[in-house]
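A.B. asks: Pasting a structure here, questions to come.
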Amino acid sequence: MNSSNQQRAVAWWLFACCAMVFLTMVVGGVTRLTHSGLSIVEWKPLIGALPPLTHADWLELFAKYQQTPEFIQRNHDMTLEGFQFIFWWEWAHRLLGRSIGLVFFVPYAWFLLRGRLRGALAAKVFGFFILGGLQGAMGWYMVKSGLVDDPRVSQYRLAAHLGLAFVLFGLMAWTGLGMLQPRNANSAVSPAPSHQGIPLRITFTRRLGNWLVALVFIMVLSGALVAGIRAGLAYNTFPLMNGHFVPPEIFMVEPLWLNFFTNMATVQFDHRMIAWLLMGLIPWYSWHIWRETPAARTPAVVLTLWLAVQVSLGIATLLLQVPVALGAAHQAGAMVLFGLLIWANHAIRR
């Protein structure tokens, strides 16, 4: 196999890992929305991959769940059948997380032994494996926060868990794109005033793209805070928040900084403001790409169209008070938007 085909094989493997991360995140979203995340009260990385096989196994697990604050305070009338429903969602989420490790490590070892991954690239890709392990550990650390007194996971740990998934997804996607379509950092589209050989307007567009990646990531973290404190169940009107552009309760918590993490009004307001900002900046960014980099027009157009879909999903989720299907679709749509932005950013550097 020639060098080009070898790189393509590694790239498509990384994209498959991205798809696994995406699927795990979708199932994780459903797990959270169905309040299933606290159903498994132990973390057994290897043995935990096996589901209950007998009725006695189910009774043992249910008995452990019955000792948790969630059962005592909220689900005290839950039957074994109800427990099985929430158990399977959490088990599926954890199984997918374990599967990512397998899907990643086995091909990685094979590529390494065959010499298709070498040097700095091999070390960088192995770093993705370490990051994936940290992300899984953060998932358990998050679950533990809901097994103590308050049967609700910490919004900070939820944001960290989701944020690490997006970081892992983004790094693998960017690396895979680089192997399929090598970047040319010094390419120039047309004669123009330049900075280090790159037209200034192209430099601006690339910087704007970088800032947008950061902004979408911040939006994801703010969405995790919305989910963590269940702020989506309040202010279910649009475009105003119960008749106000800025709700009067926005700074009612003391100290002031705590409003940005625990106040439903502030957290939802921030998420909305980031969405409004992206609605202006992403089409502007796409317009720059359309004008300056014809080869990258496809990702620019798809990115803008998907932004409209994602905003519509967010509004519908809010107005309908977060039904499971829409809530999961909105979270999945955020990763699609993130991936399309990475694709567009990479395309303008080719």
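Naming works like this for the structure tokens: A, B, ... for the chains as they're shown, residue 1 at the start of each chain, ligands 1 onward in shown order.
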Per DSSP on the backbone, what are the helix (DSSP H, G or I) residues of segment 211-274 of chain A, as a VMD selection string?

C.D. replies: chain A and resid 211 to 228 231 to 233 256 to 262 264 to 274

A.B. asks: Can I get the selected residues back with N, CA and C atoms, as a tab-separated table (two decimals), in the first residue's frame?

C.D. replies:
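Contents of selection-v1.tsv, freshly written:
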chain	number	residue	atom	x	y	z
A	211	TRP	N	-11.77	31.76	16.13
A	211	TRP	CA	-12.59	32.32	17.19
A	211	TRP	C	-13.98	31.68	17.22
A	212	LEU	N	-14.50	31.34	16.05
A	212	LEU	CA	-15.82	30.71	16.01
A	212	LEU	C	-15.79	29.30	16.60
A	213	VAL	N	-14.70	28.57	16.36
A	213	VAL	CA	-14.56	27.26	16.99
A	213	VAL	C	-14.61	27.41	18.51
A	214	ALA	N	-13.87	28.40	19.01
A	214	ALA	CA	-13.87	28.64	20.45
A	214	ALA	C	-15.26	29.05	20.94
A	215	LEU	N	-15.95	29.88	20.16
A	215	LEU	CA	-17.27	30.35	20.58
A	215	LEU	C	-18.30	29.22	20.59
A	216	VAL	N	-18.25	28.36	19.58
A	216	VAL	CA	-19.16	27.22	19.57
A	216	VAL	C	-18.87	26.30	20.75
A	217	PHE	N	-17.61	26.14	21.08
A	217	PHE	CA	-17.25	25.31	22.23
A	217	PHE	C	-17.79	25.92	23.52
A	218	ILE	N	-17.69	27.24	23.65
A	218	ILE	CA	-18.26	27.91	24.82
A	218	ILE	C	-19.77	27.74	24.85
A	219	MET	N	-20.40	27.79	23.68
A	219	MET	CA	-21.84	27.58	23.61
A	219	MET	C	-22.20	26.18	24.10
A	220	VAL	N	-21.38	25.19	23.73
A	220	VAL	CA	-21.62	23.82	24.19
A	220	VAL	C	-21.53	23.74	25.71
A	221	LEU	N	-20.52	24.37	26.28
A	221	LEU	CA	-20.38	24.37	27.73
A	221	LEU	C	-21.56	25.07	28.40
A	222	SER	N	-22.02	26.17	27.80
A	222	SER	CA	-23.17	26.87	28.38
A	222	SER	C	-24.42	26.01	28.26
A	223	GLY	N	-24.53	25.24	27.17
A	223	GLY	CA	-25.66	24.32	27.04
A	223	GLY	C	-25.63	23.23	28.09
A	224	ALA	N	-24.41	22.78	28.45
A	224	ALA	CA	-24.30	21.79	29.52
A	224	ALA	C	-24.76	22.38	30.85
A	225	LEU	N	-24.45	23.65	31.08
A	225	LEU	CA	-24.93	24.30	32.31
A	225	LEU	C	-26.46	24.41	32.30
A	226	VAL	N	-27.02	24.74	31.13
A	226	VAL	CA	-28.48	24.79	31.01
A	226	VAL	C	-29.09	23.44	31.36
A	227	ALA	N	-28.48	22.37	30.82
A	227	ALA	CA	-29.00	21.03	31.10
A	227	ALA	C	-28.78	20.65	32.55
A	228	GLY	N	-27.61	21.01	33.09
A	228	GLY	CA	-27.27	20.60	34.44
A	228	GLY	C	-28.18	21.17	35.51
A	231	ALA	N	-32.33	24.49	33.29
A	231	ALA	CA	-32.82	25.83	32.96
A	231	ALA	C	-33.72	25.84	31.73
A	232	GLY	N	-33.66	24.77	30.93
A	232	GLY	CA	-34.53	24.69	29.77
A	232	GLY	C	-35.99	24.52	30.13
A	233	LEU	N	-36.27	24.19	31.38
A	233	LEU	CA	-37.66	24.03	31.83
A	233	LEU	C	-38.25	25.34	32.32
A	256	LEU	N	-22.12	37.72	42.86
A	256	LEU	CA	-22.54	38.00	41.49
A	256	LEU	C	-22.12	36.92	40.51
A	257	TRP	N	-20.87	36.44	40.61
A	257	TRP	CA	-20.35	35.51	39.62
A	257	TRP	C	-21.10	34.18	39.61
A	258	LEU	N	-21.73	33.85	40.73
A	258	LEU	CA	-22.43	32.57	40.83
A	258	LEU	C	-23.67	32.52	39.93
A	259	ASN	N	-24.19	33.68	39.56
A	259	ASN	CA	-25.35	33.72	38.67
A	259	ASN	C	-25.06	33.04	37.34
A	260	PHE	N	-23.83	33.14	36.86
A	260	PHE	CA	-23.47	32.61	35.55
A	260	PHE	C	-23.41	31.09	35.52
A	261	PHE	N	-23.52	30.46	36.69
A	261	PHE	CA	-23.42	29.00	36.76
A	261	PHE	C	-24.61	28.34	37.44
A	262	THR	N	-25.36	29.10	38.25
A	262	THR	CA	-26.44	28.48	39.02
A	262	THR	C	-27.80	29.13	38.84
A	264	MET	N	-30.92	30.08	36.79
A	264	MET	CA	-31.57	29.64	35.55
A	264	MET	C	-31.72	30.77	34.54
A	265	ALA	N	-32.09	31.93	35.03
A	265	ALA	CA	-32.28	33.08	34.14
A	265	ALA	C	-30.98	33.46	33.45
A	266	THR	N	-29.90	33.57	34.22
A	266	THR	CA	-28.62	33.99	33.68
A	266	THR	C	-28.04	32.95	32.73
A	267	VAL	N	-28.09	31.69	33.13
A	267	VAL	CA	-27.51	30.61	32.32
A	267	VAL	C	-28.24	30.50	30.99
A	268	GLN	N	-29.58	30.56	31.01
A	268	GLN	CA	-30.31	30.48	29.75
A	268	GLN	C	-30.10	31.74	28.91
A	269	PHE	N	-30.05	32.90	29.56
A	269	PHE	CA	-29.81	34.14	28.83
A	269	PHE	C	-28.46	34.09	28.11
A	270	ASP	N	-27.43	33.63	28.80
A	270	ASP	CA	-26.10	33.53	28.19
A	270	ASP	C	-26.13	32.60	26.98
A	271	HIS	N	-26.81	31.47	27.12
A	271	HIS	CA	-26.88	30.51	26.01
A	271	HIS	C	-27.59	31.13	24.81
A	272	ARG	N	-28.65	31.87	25.07
A	272	ARG	CA	-29.36	32.55	23.99
A	272	ARG	C	-28.48	33.61	23.32
A	273	MET	N	-27.75	34.38	24.12
A	273	MET	CA	-26.92	35.44	23.54
A	273	MET	C	-25.81	34.88	22.67
A	274	ILE	N	-25.23	33.76	23.08
A	274	ILE	CA	-24.20	33.13	22.25
A	274	ILE	C	-24.82	32.66	20.94

A.B. asks: Skipping near chain neighbours, those fewer than 4 positions away, what residues fall within 8 Å of Phe62 of chain A using only C-alpha atoms, listed as a list in words?

C.D. replies: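 Counting only the stated atoms, we get Trp58, Gln66, Leu80 and Phe83 of chain A.
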
A.B. asks: Go ahead and write the residues just picked, N, CA and C atoms, as a CSV table (one decimal), in the first residue's frame.

C.D. replies:
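Below you can see out-v2.csv, which holds the result:
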chain,number,residue,atom,x,y,z
A,58,TRP,N,-30.6,-8.8,38.7
A,58,TRP,CA,-31.4,-7.6,38.6
A,58,TRP,C,-31.8,-7.1,40.0
A,66,GLN,N,-31.8,1.3,45.1
A,66,GLN,CA,-32.8,1.8,46.1
A,66,GLN,C,-32.1,2.5,47.3
A,80,LEU,N,-39.3,-2.8,39.5
A,80,LEU,CA,-38.1,-3.4,38.8
A,80,LEU,C,-38.1,-3.1,37.3
A,83,PHE,N,-36.9,0.4,36.7
A,83,PHE,CA,-35.4,0.4,36.9
A,83,PHE,C,-34.7,-0.2,35.7

A.B. asks: Please identify all polymer residues within 10 Å of Leu303 of chain A, counting only C-alpha atoms, omitting same-chain residues fewer than 5 positions from it, and present them as an mmCIF file with N, CA, C and O atoms, in the first residue's frame.

C.D. replies:
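New file part-v1.cif:
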data_model
loop_
_atom_site.group_PDB
_atom_site.id
_atom_site.type_symbol
_atom_site.label_atom_id
_atom_site.label_comp_id
_atom_site.auth_asym_id
_atom_site.auth_seq_id
_atom_site.Cartn_x
_atom_site.Cartn_y
_atom_site.Cartn_z
ATOM 1 N N ILE A 282 -21.490 33.372 11.941
ATOM 2 C CA ILE A 282 -21.254 32.238 11.040
ATOM 3 C C ILE A 282 -21.632 32.563 9.594
ATOM 4 O O ILE A 282 -20.864 32.272 8.675
ATOM 5 N N PRO A 283 -22.793 33.178 9.315
ATOM 6 C CA PRO A 283 -23.059 33.567 7.921
ATOM 7 C C PRO A 283 -22.020 34.560 7.393
ATOM 8 O O PRO A 283 -21.652 34.501 6.199
ATOM 9 N N TYR A 285 -18.854 34.699 8.291
ATOM 10 C CA TYR A 285 -17.683 33.867 8.048
ATOM 11 C C TYR A 285 -17.846 33.085 6.739
ATOM 12 O O TYR A 285 -16.923 33.026 5.909
ATOM 13 N N SER A 286 -19.014 32.512 6.532
ATOM 14 C CA SER A 286 -19.268 31.748 5.309
ATOM 15 C C SER A 286 -19.212 32.640 4.075
ATOM 16 O O SER A 286 -18.739 32.215 3.005
ATOM 17 N N ARG A 297 -16.256 26.397 -0.655
ATOM 18 C CA ARG A 297 -17.631 26.884 -0.608
ATOM 19 C C ARG A 297 -18.615 25.841 -0.080
ATOM 20 O O ARG A 297 -19.581 26.183 0.618
ATOM 21 N N THR A 298 -18.390 24.584 -0.403
ATOM 22 C CA THR A 298 -19.327 23.541 0.045
ATOM 23 C C THR A 298 -19.447 23.479 1.568
ATOM 24 O O THR A 298 -20.567 23.547 2.105
ATOM 25 N N ALA A 308 -28.992 27.095 10.767
ATOM 26 C CA ALA A 308 -30.434 27.350 10.804
ATOM 27 C C ALA A 308 -31.183 26.172 11.412
ATOM 28 O O ALA A 308 -32.126 26.352 12.206
ATOM 29 N N VAL A 309 -30.759 24.954 11.063
ATOM 30 C CA VAL A 309 -31.390 23.761 11.633
ATOM 31 C C VAL A 309 -31.171 23.707 13.140
ATOM 32 O O VAL A 309 -32.100 23.458 13.919
ATOM 33 N N VAL A 336 -22.605 18.318 15.362
ATOM 34 C CA VAL A 336 -22.591 18.435 13.895
ATOM 35 C C VAL A 336 -22.105 19.827 13.499
ATOM 36 O O VAL A 336 -21.260 19.970 12.604
ATOM 37 N N LEU A 337 -22.624 20.857 14.153
ATOM 38 C CA LEU A 337 -22.199 22.229 13.865
ATOM 39 C C LEU A 337 -20.711 22.394 14.128
ATOM 40 O O LEU A 337 -19.988 23.011 13.331
ATOM 41 N N PHE A 338 -20.246 21.857 15.227
ATOM 42 C CA PHE A 338 -18.828 21.914 15.590
ATOM 43 C C PHE A 338 -17.984 21.226 14.524
ATOM 44 O O PHE A 338 -16.950 21.754 14.085
ATOM 45 N N GLY A 339 -18.412 20.052 14.079
ATOM 46 C CA GLY A 339 -17.676 19.329 13.056
ATOM 47 C C GLY A 339 -17.652 20.060 11.725
ATOM 48 O O GLY A 339 -16.611 20.093 11.032
ATOM 49 N N LEU A 340 -18.773 20.655 11.338
ATOM 50 C CA LEU A 340 -18.821 21.405 10.075
ATOM 51 C C LEU A 340 -17.917 22.633 10.133
ATOM 52 O O LEU A 340 -17.277 22.998 9.135
ATOM 53 N N LEU A 341 -17.842 23.269 11.286
ATOM 54 C CA LEU A 341 -16.964 24.423 11.441
ATOM 55 C C LEU A 341 -15.500 24.001 11.334
ATOM 56 O O LEU A 341 -14.681 24.706 10.723
ATOM 57 N N ILE A 342 -15.156 22.865 11.902
ATOM 58 C CA ILE A 342 -13.797 22.348 11.767
ATOM 59 C C ILE A 342 -13.491 22.040 10.311
ATOM 60 O O ILE A 342 -12.399 22.347 9.806
ATOM 61 N N TRP A 343 -14.450 21.450 9.607
ATOM 62 C CA TRP A 343 -14.277 21.150 8.180
ATOM 63 C C TRP A 343 -14.037 22.442 7.390
ATOM 64 O O TRP A 343 -13.122 22.519 6.572
ATOM 65 N N ALA A 344 -14.851 23.448 7.639
ATOM 66 C CA ALA A 344 -14.682 24.726 6.935
ATOM 67 C C ALA A 344 -13.333 25.366 7.256
ATOM 68 O O ALA A 344 -12.643 25.868 6.363
#

A.B. asks: Determine, counting only C-alpha atoms, which protein, DNA and RNA residues have an atom within 10 Å of an atom of Trp91 of chain A; residues of the same chain fewer than 5 positions away are not included. Present the result as a list in words.

C.D. replies: Thr31, Ser36, Gly37, Ser39, Ile40, Gly48, Ala49, Leu50, Pro51, Ile86, Leu96 and Gly97 of chain A

A.B. asks: Emit the selected residues as an mmCIF file, in the first residue's frame, including all heavy atoms.

C.D. replies:
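Output (again.cif):
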data_model
loop_
_atom_site.group_PDB
_atom_site.id
_atom_site.type_symbol
_atom_site.label_atom_id
_atom_site.label_comp_id
_atom_site.auth_asym_id
_atom_site.auth_seq_id
_atom_site.Cartn_x
_atom_site.Cartn_y
_atom_site.Cartn_z
ATOM 1 N N THR A 31 -29.786 9.475 27.845
ATOM 2 C CA THR A 31 -29.636 8.987 29.217
ATOM 3 C C THR A 31 -29.920 10.097 30.223
ATOM 4 O O THR A 31 -30.620 9.893 31.226
ATOM 5 C CB THR A 31 -28.212 8.431 29.418
ATOM 6 O OG1 THR A 31 -28.002 7.347 28.512
ATOM 7 C CG2 THR A 31 -28.004 7.953 30.833
ATOM 8 N N SER A 36 -31.672 8.652 33.534
ATOM 9 C CA SER A 36 -31.163 7.289 33.680
ATOM 10 C C SER A 36 -29.727 7.239 34.181
ATOM 11 O O SER A 36 -29.221 6.163 34.503
ATOM 12 C CB SER A 36 -31.237 6.559 32.327
ATOM 13 O OG SER A 36 -32.539 6.559 31.803
ATOM 14 N N GLY A 37 -29.069 8.373 34.259
ATOM 15 C CA GLY A 37 -27.629 8.396 34.489
ATOM 16 C C GLY A 37 -27.181 7.918 35.850
ATOM 17 O O GLY A 37 -26.010 7.573 36.028
ATOM 18 N N SER A 39 -28.553 5.310 37.474
ATOM 19 C CA SER A 39 -29.101 3.974 37.709
ATOM 20 C C SER A 39 -28.028 2.946 38.032
ATOM 21 O O SER A 39 -28.302 1.946 38.697
ATOM 22 C CB SER A 39 -29.904 3.511 36.491
ATOM 23 O OG SER A 39 -29.076 3.511 35.331
ATOM 24 N N ILE A 40 -26.795 3.153 37.569
ATOM 25 C CA ILE A 40 -25.693 2.237 37.860
ATOM 26 C C ILE A 40 -24.777 2.935 38.852
ATOM 27 O O ILE A 40 -24.150 3.949 38.527
ATOM 28 C CB ILE A 40 -24.926 1.851 36.582
ATOM 29 C CG1 ILE A 40 -25.881 1.209 35.569
ATOM 30 C CG2 ILE A 40 -23.793 0.887 36.899
ATOM 31 C CD1 ILE A 40 -25.229 0.827 34.245
ATOM 32 N N GLY A 48 -18.137 -4.430 34.402
ATOM 33 C CA GLY A 48 -19.368 -3.673 34.167
ATOM 34 C C GLY A 48 -19.870 -3.739 32.748
ATOM 35 O O GLY A 48 -20.996 -3.320 32.468
ATOM 36 N N ALA A 49 -19.065 -4.285 31.834
ATOM 37 C CA ALA A 49 -19.526 -4.412 30.450
ATOM 38 C C ALA A 49 -20.576 -5.497 30.306
ATOM 39 O O ALA A 49 -21.327 -5.526 29.323
ATOM 40 C CB ALA A 49 -18.338 -4.713 29.532
ATOM 41 N N LEU A 50 -20.634 -6.414 31.280
ATOM 42 C CA LEU A 50 -21.620 -7.487 31.236
ATOM 43 C C LEU A 50 -22.926 -7.016 31.870
ATOM 44 O O LEU A 50 -22.920 -6.513 32.997
ATOM 45 C CB LEU A 50 -21.101 -8.716 31.982
ATOM 46 C CG LEU A 50 -19.865 -9.401 31.385
ATOM 47 C CD1 LEU A 50 -19.401 -10.511 32.312
ATOM 48 C CD2 LEU A 50 -20.186 -9.953 29.999
ATOM 49 N N PRO A 51 -24.055 -7.186 31.188
ATOM 50 C CA PRO A 51 -25.344 -6.792 31.780
ATOM 51 C C PRO A 51 -25.816 -7.857 32.769
ATOM 52 O O PRO A 51 -25.256 -8.959 32.834
ATOM 53 C CB PRO A 51 -26.262 -6.729 30.557
ATOM 54 C CG PRO A 51 -25.707 -7.775 29.638
ATOM 55 C CD PRO A 51 -24.205 -7.728 29.825
ATOM 56 N N ILE A 86 -34.341 2.504 32.868
ATOM 57 C CA ILE A 86 -33.280 3.499 33.012
ATOM 58 C C ILE A 86 -31.903 2.828 33.033
ATOM 59 O O ILE A 86 -30.919 3.416 32.594
ATOM 60 C CB ILE A 86 -33.486 4.379 34.265
ATOM 61 C CG1 ILE A 86 -33.430 3.553 35.558
ATOM 62 C CG2 ILE A 86 -34.807 5.142 34.163
ATOM 63 C CD1 ILE A 86 -33.481 4.389 36.824
ATOM 64 N N LEU A 96 -20.915 1.894 24.989
ATOM 65 C CA LEU A 96 -20.396 2.620 23.838
ATOM 66 C C LEU A 96 -19.066 3.287 24.174
ATOM 67 O O LEU A 96 -18.138 3.298 23.358
ATOM 68 C CB LEU A 96 -21.408 3.660 23.370
ATOM 69 C CG LEU A 96 -22.574 3.123 22.542
ATOM 70 C CD1 LEU A 96 -23.645 4.195 22.377
ATOM 71 C CD2 LEU A 96 -22.092 2.640 21.179
ATOM 72 N N GLY A 97 -18.964 3.844 25.382
ATOM 73 C CA GLY A 97 -17.703 4.442 25.804
ATOM 74 C C GLY A 97 -16.580 3.421 25.831
ATOM 75 O O GLY A 97 -15.457 3.698 25.385
#

A.B. asks: Can you pull out every residue within 10 Å of Gln181 of chain A, counting only C-alpha atoms, but drop anything in the same chain fewer than 6 positions away, and send it as a PyMOL selection string?

C.D. replies: chain A and resi 7-8+11+175+346-347+349-350

A.B. asks: Quick one: of A:His288, A:Gln6, A:Val167, A:Val311, who's nearest to Trp276 of chain A, counting only C-alpha atoms?

C.D. replies: A:Val311

A.B. asks: Go through A:Met78, A:Ala332, A:Ile315, A:Val10 one by one, measure the shortest atom-to-atom distance of each to Arg114 of chain A using only C-alpha atoms, and give the residue with the smallest value.

C.D. replies: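 Of A:Met78, A:Ala332, A:Ile315, A:Val10, the one nearest Arg114 of chain A is A:Val10, counting only C-alpha atoms.
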
A.B. asks: Considering only C-alpha atoms, state which residue in the set A:Ala109, A:Phe169, A:Leu53, A:Leu131 is at the smallest distance from Ala16 of chain A.

C.D. replies: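 Counting only C-alpha atoms, the residue closest to Ala16 of chain A is A:Phe169.
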
A.B. asks: Rank nothing, just name the residue among A:Phe105, A:Phe128, A:Phe71, A:Trp110 nearest to Asp149 of chain A, using only C-alpha atoms.

C.D. replies: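 Among the listed residues, A:Phe71 lies closest to Asp149 of chain A.
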
A.B. asks: Measure the distance from atom CA of Gln321 of chain A to atom CA of Ala234 of chain A in Å and round it to one decimal.

C.D. replies: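 Value for the atom CA of Gln321 of chain A-atom CA of Ala234 of chain A distance: 7.9 Å.
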
A.B. asks: Contacts of Ala19 of chain A at 12 Å or less, counting only C-alpha atoms, minus same-chain residues fewer than 6 places along, as a PyMOL selection string?

C.D. replies: chain A and resi 12-13+25-26+96-97+99-100+103-104+165-166+168-170+172-173+332+335-336+339

A.B. asks: Keeping N, CA, C and O atoms for every residue in the selection just given, could you write it to a file as a short mmCIF file (atom, residue, chain, number, x, y, z; two decimals), in the first residue's frame?

C.D. replies:
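That gives us again10.cif:
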data_model
loop_
_atom_site.label_atom_id
_atom_site.label_comp_id
_atom_site.auth_asym_id
_atom_site.auth_seq_id
_atom_site.Cartn_x
_atom_site.Cartn_y
_atom_site.Cartn_z
N TRP A 12 -9.63 7.54 7.79
CA TRP A 12 -10.99 7.00 7.90
C TRP A 12 -11.20 6.26 9.22
O TRP A 12 -12.32 6.24 9.75
N TRP A 13 -10.14 5.68 9.75
CA TRP A 13 -10.24 5.10 11.09
C TRP A 13 -10.52 6.18 12.13
O TRP A 13 -11.37 6.00 13.01
N MET A 25 -22.28 10.30 22.53
CA MET A 25 -22.83 11.55 23.06
C MET A 25 -24.35 11.59 22.90
O MET A 25 -25.06 12.05 23.80
N VAL A 26 -24.86 11.09 21.76
CA VAL A 26 -26.30 11.08 21.55
C VAL A 26 -26.99 10.20 22.60
O VAL A 26 -27.99 10.60 23.22
N LEU A 96 -20.91 1.89 24.99
CA LEU A 96 -20.40 2.62 23.84
C LEU A 96 -19.07 3.29 24.17
O LEU A 96 -18.14 3.30 23.36
N GLY A 97 -18.96 3.84 25.38
CA GLY A 97 -17.70 4.44 25.80
C GLY A 97 -16.58 3.42 25.83
O GLY A 97 -15.46 3.70 25.39
N SER A 99 -16.52 0.71 24.07
CA SER A 99 -16.30 0.27 22.69
C SER A 99 -15.38 1.24 21.95
O SER A 99 -14.59 0.81 21.09
N ILE A 100 -15.48 2.51 22.26
CA ILE A 100 -14.58 3.48 21.62
C ILE A 100 -13.14 3.12 21.93
O ILE A 100 -12.27 3.17 21.05
N VAL A 103 -12.30 0.14 19.70
CA VAL A 103 -12.23 0.55 18.29
C VAL A 103 -11.01 1.42 18.04
O VAL A 103 -10.45 1.43 16.94
N PHE A 104 -10.58 2.14 19.06
CA PHE A 104 -9.41 2.99 18.90
C PHE A 104 -8.12 2.19 19.06
O PHE A 104 -7.23 2.25 18.21
N ALA A 165 -15.56 15.47 25.46
CA ALA A 165 -16.02 14.73 24.29
C ALA A 165 -15.87 15.58 23.02
O ALA A 165 -15.44 15.09 21.97
N PHE A 166 -16.20 16.86 23.11
CA PHE A 166 -16.07 17.74 21.95
C PHE A 166 -14.59 17.98 21.60
O PHE A 166 -14.24 18.03 20.42
N LEU A 168 -12.10 15.87 22.12
CA LEU A 168 -11.63 14.63 21.50
C LEU A 168 -12.14 14.52 20.07
O LEU A 168 -11.38 14.20 19.15
N PHE A 169 -13.43 14.79 19.88
CA PHE A 169 -14.02 14.74 18.54
C PHE A 169 -13.31 15.72 17.60
O PHE A 169 -12.94 15.37 16.47
N GLY A 170 -13.10 16.94 18.06
CA GLY A 170 -12.48 17.96 17.22
C GLY A 170 -11.05 17.63 16.85
O GLY A 170 -10.63 17.80 15.69
N MET A 172 -9.57 14.65 16.70
CA MET A 172 -9.52 13.52 15.78
C MET A 172 -10.00 13.92 14.39
O MET A 172 -9.42 13.51 13.38
N ALA A 173 -11.05 14.73 14.33
CA ALA A 173 -11.55 15.18 13.02
C ALA A 173 -10.51 16.03 12.30
O ALA A 173 -10.27 15.85 11.09
N ALA A 332 -27.07 16.70 19.76
CA ALA A 332 -26.36 16.10 18.63
C ALA A 332 -26.06 17.15 17.56
O ALA A 332 -24.97 17.15 16.96
N MET A 335 -22.81 19.07 18.02
CA MET A 335 -21.58 18.41 17.58
C MET A 335 -21.47 18.43 16.05
O MET A 335 -20.38 18.55 15.50
N VAL A 336 -22.60 18.32 15.36
CA VAL A 336 -22.59 18.44 13.89
C VAL A 336 -22.11 19.83 13.50
O VAL A 336 -21.26 19.97 12.60
N GLY A 339 -18.41 20.05 14.08
CA GLY A 339 -17.68 19.33 13.06
C GLY A 339 -17.65 20.06 11.73
O GLY A 339 -16.61 20.09 11.03
#

A.B. asks: Excluding same-chain residues fewer than 6 positions from Arg152 of chain A, what lies within 9 Å of it counting only C-alpha atoms, as number ranges by chain?

C.D. replies: A: 38, 70, 143, 145-146, 228-229

A.B. asks: Could you please take those selected residues and save N, CA and C atoms as a compact mmCIF listing (two decimals), in the first residue's frame?

C.D. replies:
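File produced: result_5.txt:
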# COMPACT_ATOMS: atom_id res chain seq x y z
N LEU A 38 -28.09 7.90 36.83
CA LEU A 38 -27.70 7.48 38.18
C LEU A 38 -28.17 6.06 38.50
N GLU A 70 -31.55 9.40 44.70
CA GLU A 70 -32.54 9.54 43.63
C GLU A 70 -33.75 8.65 43.89
N VAL A 143 -21.10 11.22 37.61
CA VAL A 143 -22.16 10.40 38.20
C VAL A 143 -22.05 10.39 39.72
N SER A 145 -21.26 12.62 41.70
CA SER A 145 -21.79 13.84 42.32
C SER A 145 -23.29 13.74 42.58
N GLY A 146 -23.98 12.84 41.87
CA GLY A 146 -25.42 12.68 42.07
C GLY A 146 -25.79 11.53 42.98
N GLY A 228 -27.61 21.01 33.09
CA GLY A 228 -27.27 20.60 34.44
C GLY A 228 -28.18 21.17 35.51
N ILE A 229 -28.62 22.42 35.33
CA ILE A 229 -29.52 23.02 36.33
C ILE A 229 -30.97 23.04 35.83

A.B. asks: Which is closer to Thr34 of chain A than all the others in A:Ile289, A:Met142, A:Val324, A:Leu277, using only C-alpha atoms?

C.D. replies: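 Of A:Ile289, A:Met142, A:Val324, A:Leu277, the one nearest Thr34 of chain A is A:Val324, counting only C-alpha atoms.
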
A.B. asks: As a PDB file with N, CA and C atoms, in the first residue's frame, list the residues of segment 96-199 of chain A assigned to strand (DSSP E or B) by DSSP on the backbone atoms of this structure.

C.D. replies:
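Okay, result-v9.pdb is ready:
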ATOM      1  N   SER A 194      -0.199  41.225   2.115  1.00  0.00           N
ATOM      2  CA  SER A 194      -0.091  39.928   2.761  1.00  0.00           C
ATOM      3  C   SER A 194       0.633  40.015   4.091  1.00  0.00           C
ATOM      4  N   HIS A 195       0.446  38.947   4.855  1.00  0.00           N
ATOM      5  CA  HIS A 195       1.143  38.759   6.119  1.00  0.00           C
ATOM      6  C   HIS A 195       1.785  37.385   6.056  1.00  0.00           C
ATOM      7  N   ILE A 198       0.556  35.305   3.115  1.00  0.00           N
ATOM      8  CA  ILE A 198      -0.869  34.997   3.045  1.00  0.00           C
ATOM      9  C   ILE A 198      -1.637  36.299   2.938  1.00  0.00           C
ATOM     10  N   PRO A 199      -2.556  36.442   1.954  1.00  0.00           N
ATOM     11  CA  PRO A 199      -3.349  37.672   1.849  1.00  0.00           C
ATOM     12  C   PRO A 199      -4.001  38.026   3.176  1.00  0.00           C
TER      13      PRO A 199
END
